[in-house]
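Here the structure is laid out as C-alpha cells; the discussion comes afterwards.
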Amino acid sequence: MRALLALAVIAGSLAIALTTPVRLGLDLRGGTQITLETRSTPTTHADAAATDRTLEVLRGRIDALGVAEPTLVRSGDHRILVELPGVHDPKKAADVLGRTAQLTVHAVLGPARTADGATAPATDPASKSAKERVLRDESGQPLRLRHAELTGRDVEGADARFDQQGGAGWHVAVDFSKTGQDKWRQVTARAACHPAGDPQRRVAIVLDNKIISSPQVDPSVPCGTGIPGGTTQITGSFDDTEARELALLISGGALPVPVETVEQRTIGATLGDAAIEAAAWAAGIGTALTALFIIAVYRLMGLLATAALACYALISYAALAALGATLTLPGLAGFVLAIGMAVDANVLVFERTREEYAARSRPTPRSALTAGFRGALSAIADSNITTLIASALLFAFASGPVRGFGITLAIGVLASMVSALVISRVLAEYAANRPAVFRRPRVTGIASTGWVRDRLLRRDPFLMRRPRRWLAVSAALAVMAASGILVRGLDFGIEFTGGRLIEYATSTSVDPDRARTALTDAGFPRAVVQSSGDTGLTVRAESLTNADEATVTETISDLGGETKKIRDELIGPSMGDELRRNALVALSLALAAQLLYLAVRFRWFFGTAAVVALAHDVVILIGAFAWLGKPIDGVFLAALLTVIGYSVNDSVVLFDRVRELLGRDRTTPLPRLTNRAILQTLPRTVNTGMGAALIITALAVLADDTLADFALALLIGLAVGTYSSVFTAASLTIELHPSGKASRPGPSRSTRRRSPSGRNAVPAYEETPR
C-alpha cells in the first residue's frame, strides 16, 4: 500500500511538472509590479465591491496595452496587485492605471493669455469657472476650454487601426453612442467654422484633468455641418504604441473610485536571469555535495535518501505549479535551501536505526529500519507541525514577501514528510529485504554507529554539568548583538520604511562617495548611495517623483557612462508601515502558537525554553547584520524565518529525546538525562547541519549580492541555531524544571552495555547523587 501511494505521488507530480510551468515572480522574469489602494470619495465608499469594479476597469486598460500574461488580483478590501511582465517603464504603467476622472470632450476657445499678451499658466482645475477651464495641451501650450460637451458615457469605445490602403498610417477610431453622435456633430460643426491652424478648430479630449488629445477638425468638414455618423477618426503621426495607448485611455472609462500607488517595483530581466542561473548552479553543486556527504555517511541508505530527495524536489515543484504559486527570489533561494534541509528527516530515521541496530541482540537491517522509523516518527511529526503552524499564521496575518514565504515553507514541509516517511521508507525497506544486503549488513550504512557517535561514546562528556555557564555565554552573545543594534542601528529596506530604490548597472565603476556628492549638488542631499557589485550602484531616497528619477538617472549616467536601470522600487509610507506591522504580528503569533503547542505536547518549561532560544537566535542574527551594515529587507526576513524554523526543529528533536528518556527513567537527575539526550541526538545535528551548510555555502559563493546576503544570514543562523538548541534551550530547561536545580549530580561513573554481538550499545548511566 505504501509503495502504491509513493508511486502515485511521484507519477502525479511528474505529470504536473511536465505540463504546468511554475509562475515566476517579476524579480525573476522582469517587469513592473504595482500595488494600488482604492480611496473613498464623498459620494462613493471604497469597499470590496468598489475595488472589484475598479479591478475590472483596470483589466480592460491593461488588455488594451497588449501586455502578455498580466496578473490582477484583489488583496483585502482596498488593495489591487498588478503584475505587468515585460513592462519596464513604471511611469507609463502608472499613468495608464491611475487615470481616475471621467472622460470629457471640450471645444477649444483659444490660447490662454494674460492682459499683457503673455501666455498664461494653466489654472488649477479646482479653481476653474463653471463655463471655462485652462489646461495644457500635449505640447505644453495652455488652452482655454469650453465646458464639457461630451462625457465618457457618450463614448462606446475606441480602437487603434492601421490604414494600409490610404497610407495614413496609424489612427484611432472612436465610436459614439446614439446621443453622443449628435453632441459630437455639434462640437465639430462649430469648430469647422474656424480657419485651418486656428486653435479654435481643435477639439480637446480630457482625462484626469489632462488633455490626452486635441485634434484639429479636418479641412474637408464644412462649417456648420460637423462630422456625421457614429465613428470618427483621430489621425496624426502616431506609431502603433501611441495609437493603442490613446485608444486605451479613451475607451477605458473612469474608475469607480480613485486609486493611489502605494508600492511599485520594476526589475530588469537581466537580474532575474542572473538570479536563476546563480540559484541553478548553487542547487546543482550544493545538492551534489550534499548527496556525496550523505552517501559517504550512510552508504546504501544514503544513496536511497538522495533518490528520495530528488523526489522531494519534484513534489515541491509540482505543488507550486498546481497551486499557481509565484516563485520569487526569496522563494527560489528558500527552495534551494529546502533541498538541504529536507535531509533532516532521513538523518533522524537513519540515526535512530543505528541505535536500534546496535541495541538488538540479533539485529537485521529490516527490523532495525522498522524500529527506526517508528522511533523517529514523534520527533519528525512534532518538528514539522510546529513549522506548519508558523507557516499558516504567516500566510494568514502577514503580507508581501512574508506571506509568500509562508506558502513556500508549508509546501516544503509537507513534501519533505512525504519524501522521508513514504518514498524513502519504501526504497529502504525494499533494499533491506534483498538477500545480498541481508548477507552484507554493513553496506547499508546502519550497521555501525558512525564516527561521531563512537567518539562521543569514548569521551562521554558531561556538557550539562554547569548549565548556568552556558546561559551566561548565551546572554553575553545576545548582549553583544543587541549592542550592535543600539550602536550601529538597523538599515531597514524600503519594504519597511517606504521610499524609492533604484539600482543601476554602469559601464564604468562609480565611487559611491562621488555619486553621493553629485546627487547632493543635483538637489538630493538625503539620497543614500551604495555600491552593488563591480559596476552596480543603488540610490535610495524617502521620496522621488518620476521627474526626480530622471534627474538621478542623468546624474549617474554622467559619472558612469552608459547606464542601465535594472531595478526600480517604490513603497509608499502606508505600505511600509503595514508590512512592518503585519510581519511583527505574524511573527509574534507564530512564536506564541509554537509555545502553546510545545507546552501541550511536552511541558510548559520545554516550550518556554524553545521560545527563549528562538529569541536568542533572532537577536544575534539581527545584531550581526547591524554590525556588518547589511540591509534588513524582505530577503533577510525570509532568511530569519528559515533560521527560526531550523532552530525549532533542532530543539524539538532534543526535547523529544529528553521526554523519551524521562518516560523510561524517573530516578536519574534531569541534567544527566538531558546530557544523555544531547549525546544521542548530536550525530543527527552534525549530519543535518553539514548537509544544509554545503548548499548554503554554494549559494553564498555563486549567487549575486542579494542571494549572498541571504546565504550569509543562513550560515550565521545555522551556527547560532545549532548552539542554542543544545546549550541555550537545554540549559534553560534544566533551570526551569521544578526538580532541575534540586538534583544536581556530582561525579558519576558510566557503564556501557555490550550486546552479544560485541557492538557498543547506547550508554546506560549509573548515577551517584551528592
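Letters A, B, ... mark the chains of the C-alpha cells in the order given; residue numbers begin at 1 per chain; ligand numbers begin at 1, in order shown.
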
Practice task
Fewer than 4 positions away in the same chain doesn't count, so skip those; otherwise give me all residues within 12 Å of A:Leu145, counting only C-alpha atoms, as a PyMOL selection string.
Solution key: chain A and resi 104-112+122-123+125+128-137+149+199-206+209-211+214

Problem - Selected residue of minimal separation from A:Pro228 among A:Thr733, A:Thr51, A:Gln181, A:Ser474, counting only C-alpha atoms - result: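 That would be A:Gln181, the residue with the smallest distance to A:Pro228.
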
Completion exercise
Residue with the minimum atom-to-atom distance to A:Arg601, picked from A:Ala626, A:Ala381, A:Leu702, A:Ile315 with only C-alpha atoms counted, is A:Ala381

Exercise for the section: With a distance cut-off of 8 Å and only C-alpha atoms, select the neighbouring residues of A:Leu327, excluding the residue or stretch itself and same-chain residues fewer than 6 positions from it, and output the selection as a PyMOL selection string. Expected result: chain A and resi 22-25+320

Problem - Pick from A:Asp709, A:Glu356, A:Asp182, A:Asp218 nearest to A:Ser448, counting only C-alpha atoms - result: A:Glu356

Handout entry: Distance criterion (only C-alpha atoms): nearest to A:Glu245 out of A:Ser13, A:Ser213, A:Thr232, A:Ser543
Key = A:Ser213

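Residue neighbourhood of A:Val452, excluding near-sequence residues (fewer than 6 positions): Leu682, Pro683 and Val686 of chain A, at 9 Å, using only C-alpha atoms.
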
Practice task
Just the alpha helix (DSSP H) stuff from stretch 225-310 of chain A, please, per backbone DSSP, written as a PyMOL selection string.
Solution key: chain A and resi 240-252+269-310

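Relative to atom CA of A:Ala371, atom CA of A:Leu595 is found at 29.5 Å.
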
Practice task
Identify which of the residues A:Lys565, A:His737, A:Arg362, A:Arg425 lies closest to A:Arg374, counting only C-alpha atoms when measuring atom-to-atom distances.
Solution key: A:Arg425

Exercise for the section: Write out as a PyMOL selection string the residues lying within 12 Å of A:Val297, counting only C-alpha atoms and excluding same-chain residues fewer than 2 positions away. Expected result: chain A and resi 290-295+299-303+305+347+350-351+354+442-452+683-684+686-688+690-691

Any chance you could export the current selection's N, CA and C atoms as an mmCIF file, in the first residue's frame?
data_model
loop_
_atom_site.group_PDB
_atom_site.id
_atom_site.type_symbol
_atom_site.label_atom_id
_atom_site.label_comp_id
_atom_site.auth_asym_id
_atom_site.auth_seq_id
_atom_site.Cartn_x
_atom_site.Cartn_y
_atom_site.Cartn_z
ATOM 1 N N THR A 290 25.914 17.613 -1.072
ATOM 2 C CA THR A 290 25.094 17.035 -0.006
ATOM 3 C C THR A 290 24.875 15.551 -0.239
ATOM 4 N N ALA A 291 24.600 15.193 -1.506
ATOM 5 C CA ALA A 291 24.387 13.785 -1.823
ATOM 6 C C ALA A 291 25.653 12.964 -1.546
ATOM 7 N N LEU A 292 26.808 13.497 -1.933
ATOM 8 C CA LEU A 292 28.056 12.778 -1.664
ATOM 9 C C LEU A 292 28.295 12.615 -0.170
ATOM 10 N N PHE A 293 27.982 13.649 0.598
ATOM 11 C CA PHE A 293 28.172 13.568 2.048
ATOM 12 C C PHE A 293 27.239 12.517 2.659
ATOM 13 N N ILE A 294 25.976 12.542 2.269
ATOM 14 C CA ILE A 294 25.012 11.577 2.822
ATOM 15 C C ILE A 294 25.375 10.156 2.425
ATOM 16 N N ILE A 295 25.826 9.967 1.186
ATOM 17 C CA ILE A 295 26.214 8.624 0.745
ATOM 18 C C ILE A 295 27.453 8.153 1.489
ATOM 19 N N ARG A 299 26.034 5.304 3.249
ATOM 20 C CA ARG A 299 26.246 4.293 2.215
ATOM 21 C C ARG A 299 24.983 4.016 1.400
ATOM 22 N N LEU A 300 24.473 2.780 1.407
ATOM 23 C CA LEU A 300 23.320 2.439 0.577
ATOM 24 C C LEU A 300 22.094 3.250 0.976
ATOM 25 N N MET A 301 21.867 3.375 2.280
ATOM 26 C CA MET A 301 20.715 4.140 2.724
ATOM 27 C C MET A 301 20.860 5.618 2.333
ATOM 28 N N GLY A 302 22.076 6.123 2.321
ATOM 29 C CA GLY A 302 22.304 7.486 1.875
ATOM 30 C C GLY A 302 21.995 7.652 0.398
ATOM 31 N N LEU A 303 22.353 6.642 -0.403
ATOM 32 C CA LEU A 303 22.044 6.683 -1.835
ATOM 33 C C LEU A 303 20.539 6.706 -2.060
ATOM 34 N N ALA A 305 18.326 7.719 0.120
ATOM 35 C CA ALA A 305 17.823 9.004 0.613
ATOM 36 C C ALA A 305 18.016 10.098 -0.420
ATOM 37 N N VAL A 347 17.949 11.767 8.087
ATOM 38 C CA VAL A 347 19.024 11.600 9.061
ATOM 39 C C VAL A 347 18.463 11.151 10.410
ATOM 40 N N PHE A 350 17.740 7.421 10.098
ATOM 41 C CA PHE A 350 18.931 6.585 9.988
ATOM 42 C C PHE A 350 19.710 6.544 11.305
ATOM 43 N N GLU A 351 19.800 7.681 12.003
ATOM 44 C CA GLU A 351 20.491 7.668 13.290
ATOM 45 C C GLU A 351 19.723 6.832 14.311
ATOM 46 N N ARG A 354 20.405 3.233 13.505
ATOM 47 C CA ARG A 354 21.716 2.806 14.002
ATOM 48 C C ARG A 354 21.653 2.437 15.479
ATOM 49 N N ARG A 442 26.718 -4.325 6.596
ATOM 50 C CA ARG A 442 27.499 -3.087 6.736
ATOM 51 C C ARG A 442 27.380 -2.190 5.505
ATOM 52 N N VAL A 443 26.965 -2.778 4.363
ATOM 53 C CA VAL A 443 26.813 -1.962 3.171
ATOM 54 C C VAL A 443 25.639 -0.991 3.314
ATOM 55 N N THR A 444 24.715 -1.290 4.228
ATOM 56 C CA THR A 444 23.545 -0.424 4.395
ATOM 57 C C THR A 444 23.905 0.920 5.025
ATOM 58 N N GLY A 445 24.992 0.965 5.806
ATOM 59 C CA GLY A 445 25.345 2.192 6.491
ATOM 60 C C GLY A 445 24.683 2.358 7.836
ATOM 61 N N ILE A 446 23.836 1.397 8.240
ATOM 62 C CA ILE A 446 23.154 1.485 9.532
ATOM 63 C C ILE A 446 23.640 0.414 10.503
ATOM 64 N N ALA A 447 24.585 -0.424 10.065
ATOM 65 C CA ALA A 447 25.078 -1.493 10.935
ATOM 66 C C ALA A 447 26.231 -1.028 11.815
ATOM 67 N N SER A 448 26.630 0.225 11.677
ATOM 68 C CA SER A 448 27.671 0.784 12.547
ATOM 69 C C SER A 448 27.152 2.079 13.139
ATOM 70 N N THR A 449 27.697 2.471 14.263
ATOM 71 C CA THR A 449 27.191 3.657 14.951
ATOM 72 C C THR A 449 27.711 4.954 14.365
ATOM 73 N N GLY A 450 28.764 4.924 13.567
ATOM 74 C CA GLY A 450 29.297 6.144 12.964
ATOM 75 C C GLY A 450 30.373 6.772 13.828
ATOM 76 N N TRP A 451 31.270 7.528 13.172
ATOM 77 C CA TRP A 451 32.432 8.038 13.898
ATOM 78 C C TRP A 451 32.047 9.103 14.926
ATOM 79 N N VAL A 452 30.997 9.892 14.664
ATOM 80 C CA VAL A 452 30.590 10.906 15.638
ATOM 81 C C VAL A 452 30.105 10.241 16.912
ATOM 82 N N PRO A 683 24.810 13.340 16.744
ATOM 83 C CA PRO A 683 25.147 12.895 15.384
ATOM 84 C C PRO A 683 24.159 13.390 14.345
ATOM 85 N N ARG A 684 22.870 13.351 14.685
ATOM 86 C CA ARG A 684 21.860 13.875 13.757
ATOM 87 C C ARG A 684 22.082 15.362 13.521
ATOM 88 N N VAL A 686 24.881 17.128 13.727
ATOM 89 C CA VAL A 686 26.076 17.348 12.913
ATOM 90 C C VAL A 686 25.802 17.031 11.452
ATOM 91 N N ASN A 687 25.190 15.885 11.186
ATOM 92 C CA ASN A 687 24.970 15.462 9.806
ATOM 93 C C ASN A 687 23.955 16.353 9.091
ATOM 94 N N THR A 688 22.891 16.733 9.786
ATOM 95 C CA THR A 688 21.910 17.638 9.179
ATOM 96 C C THR A 688 22.536 19.005 8.909
ATOM 97 N N MET A 690 25.671 19.713 8.384
ATOM 98 C CA MET A 690 26.618 19.629 7.271
ATOM 99 C C MET A 690 25.884 19.645 5.933
ATOM 100 N N GLY A 691 24.771 18.892 5.850
ATOM 101 C CA GLY A 691 24.006 18.879 4.604
ATOM 102 C C GLY A 691 23.490 20.261 4.241
#

Practice task
Select from stretch 468-688 of chain A everything DSSP, run on the backbone, classes as strand (DSSP E or B), then give the selection as a PyMOL selection string.
Solution key: chain A and resi 491-492+499-506+528-531+536-541+563-571+631-632

Could those selected residues go to a file with N, CA and C atoms, as a short mmCIF file (atom, residue, chain, number, x, y, z; two decimals), in the first residue's frame?
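Saved as part00.cif:
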data_model
loop_
_atom_site.label_atom_id
_atom_site.label_comp_id
_atom_site.auth_asym_id
_atom_site.auth_seq_id
_atom_site.Cartn_x
_atom_site.Cartn_y
_atom_site.Cartn_z
N ASP A 491 19.66 49.05 9.18
CA ASP A 491 19.48 49.62 7.85
C ASP A 491 18.26 48.96 7.21
N PHE A 492 17.07 49.48 7.54
CA PHE A 492 15.83 48.88 7.03
C PHE A 492 15.71 49.13 5.54
N GLY A 499 9.64 54.66 0.48
CA GLY A 499 10.64 55.40 -0.28
C GLY A 499 10.83 54.78 -1.66
N ARG A 500 11.92 55.14 -2.30
CA ARG A 500 12.19 54.63 -3.65
C ARG A 500 13.63 54.19 -3.74
N LEU A 501 13.83 53.03 -4.33
CA LEU A 501 15.17 52.48 -4.52
C LEU A 501 15.36 52.18 -6.00
N ILE A 502 16.46 52.69 -6.56
CA ILE A 502 16.78 52.45 -7.97
C ILE A 502 18.17 51.84 -8.04
N GLU A 503 18.30 50.76 -8.79
CA GLU A 503 19.59 50.10 -8.97
C GLU A 503 20.02 50.25 -10.42
N TYR A 504 21.27 50.67 -10.59
CA TYR A 504 21.81 50.91 -11.92
C TYR A 504 22.99 49.97 -12.20
N ALA A 505 23.16 49.65 -13.46
CA ALA A 505 24.37 48.98 -13.94
C ALA A 505 25.07 49.95 -14.88
N THR A 506 26.30 50.33 -14.55
CA THR A 506 27.03 51.32 -15.32
C THR A 506 28.17 50.66 -16.09
N VAL A 528 20.66 58.02 -0.29
CA VAL A 528 21.62 57.03 0.20
C VAL A 528 22.16 56.28 -1.01
N VAL A 529 23.48 56.31 -1.20
CA VAL A 529 24.12 55.69 -2.36
C VAL A 529 25.02 54.56 -1.87
N GLN A 530 24.87 53.38 -2.48
CA GLN A 530 25.68 52.22 -2.13
C GLN A 530 26.12 51.51 -3.39
N SER A 531 27.30 50.91 -3.33
CA SER A 531 27.78 50.12 -4.47
C SER A 531 27.10 48.77 -4.47
N GLY A 536 27.84 48.24 -10.25
CA GLY A 536 26.46 48.49 -9.87
C GLY A 536 26.38 49.57 -8.82
N LEU A 537 25.25 50.27 -8.79
CA LEU A 537 25.05 51.35 -7.85
C LEU A 537 23.57 51.39 -7.49
N THR A 538 23.25 51.55 -6.20
CA THR A 538 21.87 51.71 -5.78
C THR A 538 21.69 53.08 -5.14
N VAL A 539 20.58 53.70 -5.45
CA VAL A 539 20.23 55.02 -4.90
C VAL A 539 18.89 54.86 -4.20
N ARG A 540 18.83 55.29 -2.94
CA ARG A 540 17.61 55.17 -2.15
C ARG A 540 17.28 56.52 -1.53
N ALA A 541 16.02 56.90 -1.62
CA ALA A 541 15.58 58.17 -1.04
C ALA A 541 14.17 58.01 -0.51
N THR A 563 24.47 53.79 -18.82
CA THR A 563 23.81 53.37 -17.58
C THR A 563 22.49 52.68 -17.90
N LYS A 564 22.26 51.55 -17.24
CA LYS A 564 21.02 50.81 -17.44
C LYS A 564 20.34 50.63 -16.09
N LYS A 565 19.07 50.96 -16.05
CA LYS A 565 18.30 50.81 -14.81
C LYS A 565 17.77 49.38 -14.75
N ILE A 566 18.17 48.63 -13.75
CA ILE A 566 17.77 47.23 -13.67
C ILE A 566 16.77 46.96 -12.54
N ARG A 567 16.55 47.96 -11.68
CA ARG A 567 15.54 47.77 -10.63
C ARG A 567 15.04 49.12 -10.20
N ASP A 568 13.72 49.21 -9.99
CA ASP A 568 13.11 50.46 -9.54
C ASP A 568 11.96 50.08 -8.61
N GLU A 569 12.09 50.40 -7.34
CA GLU A 569 11.07 50.03 -6.35
C GLU A 569 10.58 51.27 -5.63
N LEU A 570 9.26 51.38 -5.54
CA LEU A 570 8.62 52.49 -4.84
C LEU A 570 7.66 51.92 -3.82
N ILE A 571 7.86 52.24 -2.56
CA ILE A 571 7.00 51.78 -1.48
C ILE A 571 6.44 53.00 -0.77
N PRO A 631 21.54 45.16 4.90
CA PRO A 631 20.16 45.66 4.92
C PRO A 631 19.20 44.66 5.56
N ILE A 632 18.22 45.20 6.27
CA ILE A 632 17.13 44.40 6.83
C ILE A 632 15.95 44.58 5.88
#

Practice task
Write out as a ChimeraX atom specification the residues lying within 6 Å of stretch 27-39 of chain A, counting only C-alpha atoms and excluding same-chain residues fewer than 5 positions away.
Solution key: /A:46,78-88,258-269,272

Practice task
Select, from A:Asp175, A:Asp513, A:Asp521, A:Glu660, the residue with the minimum atom-to-atom distance to A:Glu156, counting only C-alpha atoms.
Solution key: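 The closest residue to A:Glu156 is A:Asp175.
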
Exercise for the section: Could you check how far atom CA of A:Val619 sits from atom CA of A:Leu699, in Å to one decimal? Expected result: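 We find that atom CA of A:Val619 and atom CA of A:Leu699 lie 23.7 Å from each other.
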
Practice task
Please indicate the distance in Å from atom CA of A:Leu55 to atom CA of A:Thr408, rounded to one decimal place.
Solution key: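 Between atom CA of A:Leu55 and atom CA of A:Thr408 the gap is 27.0 Å.
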